[in-house]
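Participant: Please find one structure pasted underneath; my questions will follow.
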Amino acid sequence: MSLEMVTLTINDEEVRAPRGSTILEVCRQKGIELPTLCHFDCLTPVGACRLCTVEVEGSRRNMSACTTPIAEGMKVRTNTPALREERRQILEMLFAERNHFCPVCPMSGQCELQALAYQHEIASVRYHYAFPKVPVDMSHPDIGLDQNRCILCTRCVRVCSELVGAQTLGVVHRGMHSLIAADLGVPLGESSCLSDGNCMQICPTGSLFDKRSAYRVRPEALRNAKPTICPECSVGCGFLVHSAGHILLRIDGDFDHPVNRGLLCKKGRFDLLDRNTLPNRVPQVRRNGRWEEASWEEAVAEAARGVRRVAERYGPEAFGAWVAPTMTTEAFRQLHHFVREVVGGSFVDTLRGEEWRSWRRSLERLEAMGLPVPRIPTIPEIDTATVHVIVGGDPVISHPVLGMASLRAAANRKATVFVIHPDRTTLARATGESLFPYDGEERTLLRAAVQIALRAGKMTEELAEAIDGVTEKLDLETLEDTVGVPVEQVIGMVNLLFAPETQAVWFLNLTDDHIRSLLPDLMLFAAVASEGPAWIVPLTSGNNLLGAVEAGCVADSMAAPRLRAALLSLPEWRGITPQWLEGLRETEFLVLHGEDLPALRNLADVWLPALPWAYQGGTRTNYSGRAQYAAPILFTEKAWTDEEIFRRLEAAYLAEPDR
């Protein structure tokens, strides 16, 4: 459908633009510069700063361009002497109202208020300085809040409410006494703040600032940011990394990236800075029962000899590998090629491979029943859903940018959010529609929902039996006593899910063993309730499980053959169980790649340390199947990347054996 176009005149030039556009949008499309401080493209315009005011012929007063829609025949002027003087006065009043001492501000050189002062040639202020006594809040470990530099543009308030959905920030008091406050007066470090830092990045001045990078470098060092992909979870957010030498200074969200559209979480913005130290990453080999440092070439050669020795004695199938779903796809491919093609090993799997296997089995079941296969929606699509159902997890903690989609849906009442979890999770506390079944009673709750849908004629007996799997029926009158959830609440959820106008999105926590056992039935129920393909978001471990699947590093079964030699590529403890560790004791030769995990070091014969994330470049595939290249930020000649380690290991194995 074509858009209705409007003809108007801006600065004596006739332009055409879609109806519904604002004057500011049209001006920017035509390259006409208008100053703004309160405006940000992804936020609701409020016209608070009045710097974008324009003259509209026939209007009794000047209009804010960011909030005024265009109209047919409108005549606009944007840069008259009177407008320039009005903007200059506004800027001077902003400087006089608070204590703006630019030389001692960490954002000096990157401040939008300061830049506009230079642009309008303000060398001094004609008004008396108020010099108010306003608080400085340094209670948060990562974010500083200095009210002296605040211009009350409310960008931070709007991003916290509209995009993050936390609704932590607001404005208290009135007039020149107005302040930005967390939870109406609680110190920021003690508030409901999610510590995502999006308010800090969007602040046009130095009022909200990054405590880690403040005063560490000159502002120009923060201008040459490198874009890459966050390695934390499977969302695959795009961000910009500021660095100097081998030091990471700051991480900002990339507002041009299609996945997260600028939003970041605490893990991606702050925690990654703590995980990038480059310690003495020297490989080690066990000789005569003791660990000794070795060169990379020596360690890789020793690993290749050990694998060859076991392969020659027991056969190549006695060698296999366990990996974490956190490496790049290129590293997974190289490892798979070494284990399966070069050595002839029988097994490569991730410690979280059962998450993918359960998902695949559920898809195959739906296909066999002739039901549409679910779609994995993108974040923009999630924002259009009218119902969110979160089962067994807390995406605000595990996949925060996905969790923010549900938070803002609940906060802005754009969707109904149901959280099915025994505990009051972060997201459950934000919505009144949460269901809190007793621990382990999620299956009983699902059976109740199936029975209610069947009674209402919303599904057939055949499908109900396929989901329920039992012939005995529940006593719905005693549901609250047995499950902990009032039956009226389940009826309301079922009626809403099966409503014709509903577009539901399901978030299923595949890291939980109990939820994985329910996955086939949950996905079948979601498919039946949806008119088209159901939208289901699998909450999985690691940042590149789909890349591991693509590279063949997820086995068809979790039952591993008896391995005499193994390569472990594990950066952390997630997925490691005592039973799994006990099985490793039967191996005769063990290569450990990754972090220095003490329990594994006691069993290993060679340790090949892994570089931090900022040194690793390669492709990662996010939860929705989007393959993205993560560019390396830092470089070193003292250590090898994961892909290079496996390539050198393969070369050493293929070389003439050291007899």
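Residue numbering restarts at 1 in every chain; chains get A, B, ... in the order shown in the structure tokens, and ligands count up from 1 in that same order.
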Write out as a list in words the residues lying within 6 Å of stretch 553-555 of chain A, counting only C-alpha atoms and excluding same-chain residues fewer than 6 positions away.
Facilitator: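 In the requested form, the answer reads Val348, Asp349, Thr350 and Gly353 of chain A.
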Participant: With C-alpha atoms kept, could you save the residues just selected as a CSV table (one decimal), in the first residue's frame?
Facilitator:
```csv
chain,number,residue,atom,x,y,z
A,348,VAL,CA,32.2,-34.7,19.1
A,349,ASP,CA,29.6,-33.2,21.3
A,350,THR,CA,28.8,-30.1,23.4
A,353,GLY,CA,24.0,-30.8,23.3
```
Participant: Need to verify the contact set: A:Glu232, 10 Å, only C-alpha atoms, exclusion of same-chain residues closer than 5 positions in sequence. Can you return it as a PDB file with N, CA and C atoms, in the first residue's frame?
Facilitator:
```pdb
ATOM      1  N   CYS A 237      23.918  -9.678  20.247  1.00  0.00           N
ATOM      2  CA  CYS A 237      23.778  -8.228  20.117  1.00  0.00           C
ATOM      3  C   CYS A 237      25.009  -7.617  19.458  1.00  0.00           C
ATOM      4  N   CYS A 265      22.823  -5.257  27.759  1.00  0.00           N
ATOM      5  CA  CYS A 265      22.568  -5.626  29.146  1.00  0.00           C
ATOM      6  C   CYS A 265      23.841  -5.441  29.959  1.00  0.00           C
ATOM      7  N   LYS A 267      25.712  -7.707  31.300  1.00  0.00           N
ATOM      8  CA  LYS A 267      26.754  -8.653  30.918  1.00  0.00           C
ATOM      9  C   LYS A 267      27.518  -8.174  29.687  1.00  0.00           C
ATOM     10  N   GLY A 268      26.793  -7.636  28.712  1.00  0.00           N
ATOM     11  CA  GLY A 268      27.453  -7.197  27.496  1.00  0.00           C
ATOM     12  C   GLY A 268      28.156  -5.862  27.623  1.00  0.00           C
ATOM     13  N   ASP A 271      30.220  -6.429  32.269  1.00  0.00           N
ATOM     14  CA  ASP A 271      30.908  -7.638  32.741  1.00  0.00           C
ATOM     15  C   ASP A 271      32.005  -8.089  31.787  1.00  0.00           C
ATOM     16  N   LEU A 272      31.811  -7.884  30.486  1.00  0.00           N
ATOM     17  CA  LEU A 272      32.832  -8.306  29.527  1.00  0.00           C
ATOM     18  C   LEU A 272      34.149  -7.566  29.718  1.00  0.00           C
ATOM     19  N   THR A 326      30.479 -22.157  22.869  1.00  0.00           N
ATOM     20  CA  THR A 326      30.869 -20.756  23.016  1.00  0.00           C
ATOM     21  C   THR A 326      31.971 -20.326  22.053  1.00  0.00           C
ATOM     22  N   SER A 398      19.044 -14.592  31.924  1.00  0.00           N
ATOM     23  CA  SER A 398      19.811 -15.446  31.015  1.00  0.00           C
ATOM     24  C   SER A 398      20.022 -14.814  29.645  1.00  0.00           C
ATOM     25  N   HIS A 399      19.001 -14.154  29.106  1.00  0.00           N
ATOM     26  CA  HIS A 399      19.067 -13.520  27.786  1.00  0.00           C
ATOM     27  C   HIS A 399      18.454 -12.116  27.911  1.00  0.00           C
ATOM     28  N   SER A 541      21.881 -22.469  26.111  1.00  0.00           N
ATOM     29  CA  SER A 541      23.162 -22.081  26.699  1.00  0.00           C
ATOM     30  C   SER A 541      24.122 -21.608  25.614  1.00  0.00           C
ATOM     31  N   GLY A 542      25.148 -20.887  26.049  1.00  0.00           N
ATOM     32  CA  GLY A 542      26.216 -20.502  25.134  1.00  0.00           C
ATOM     33  C   GLY A 542      25.785 -19.461  24.130  1.00  0.00           C
ATOM     34  N   ASN A 543      26.759 -19.002  23.354  1.00  0.00           N
ATOM     35  CA  ASN A 543      26.480 -17.976  22.360  1.00  0.00           C
ATOM     36  C   ASN A 543      26.456 -18.517  20.941  1.00  0.00           C
ATOM     37  N   ASN A 544      26.784 -19.804  20.757  1.00  0.00           N
ATOM     38  CA  ASN A 544      26.885 -20.309  19.388  1.00  0.00           C
ATOM     39  C   ASN A 544      26.522 -21.783  19.308  1.00  0.00           C
ATOM     40  N   TRP A 613      37.745 -13.122  24.877  1.00  0.00           N
ATOM     41  CA  TRP A 613      36.813 -12.929  23.767  1.00  0.00           C
ATOM     42  C   TRP A 613      37.247 -11.853  22.790  1.00  0.00           C
TER      43      TRP A 613
END
```
Participant: Would you pick out the contacts of A:Glu292 at 10 Å or less, using only C-alpha atoms, so that residues sharing its chain but fewer than 4 positions from it are not included, and give the list as an MDAnalysis selection string?
Facilitator: chainID A and resid 282:288 606
Participant: Mind writing the picked residues with N, CA and C atoms as a compact mmCIF listing (two decimals), in the first residue's frame?
Facilitator:
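Output file selection03.txt is given in full below:
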```txt
# COMPACT_ATOMS: atom_id res chain seq x y z
N VAL A 282 50.46 -19.12 29.16
CA VAL A 282 51.51 -20.01 28.70
C VAL A 282 51.01 -21.45 28.76
N PRO A 283 51.11 -22.20 27.67
CA PRO A 283 50.69 -23.61 27.71
C PRO A 283 51.51 -24.41 28.70
N GLN A 284 50.94 -25.51 29.16
CA GLN A 284 51.64 -26.38 30.09
C GLN A 284 51.43 -27.83 29.71
N VAL A 285 52.45 -28.65 30.00
CA VAL A 285 52.37 -30.09 29.77
C VAL A 285 52.76 -30.79 31.07
N ARG A 286 52.23 -31.99 31.25
CA ARG A 286 52.55 -32.76 32.44
C ARG A 286 53.72 -33.69 32.13
N ARG A 287 54.79 -33.50 32.86
CA ARG A 287 55.98 -34.34 32.69
C ARG A 287 56.39 -34.90 34.05
N ASN A 288 56.48 -36.23 34.09
CA ASN A 288 56.85 -36.91 35.34
C ASN A 288 55.90 -36.53 36.48
N VAL A 606 47.81 -32.09 28.95
CA VAL A 606 48.25 -30.88 28.23
C VAL A 606 47.18 -29.81 28.44
```
Participant: With only C-alpha atoms as the atoms that count, which of A:Glu501, A:Glu13, A:Asp481, A:Asp556 lies nearest to A:Ala529?
Facilitator: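 Closest residue, counting only C-alpha atoms: A:Glu501.
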Participant: Determine the nearest neighbour of A:Tyr129 from the options A:Ala71, A:Val417, A:Leu335, A:Met93, counting only C-alpha atoms.
Facilitator: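 Among the listed residues, the smallest separation from A:Tyr129 belongs to A:Met93.
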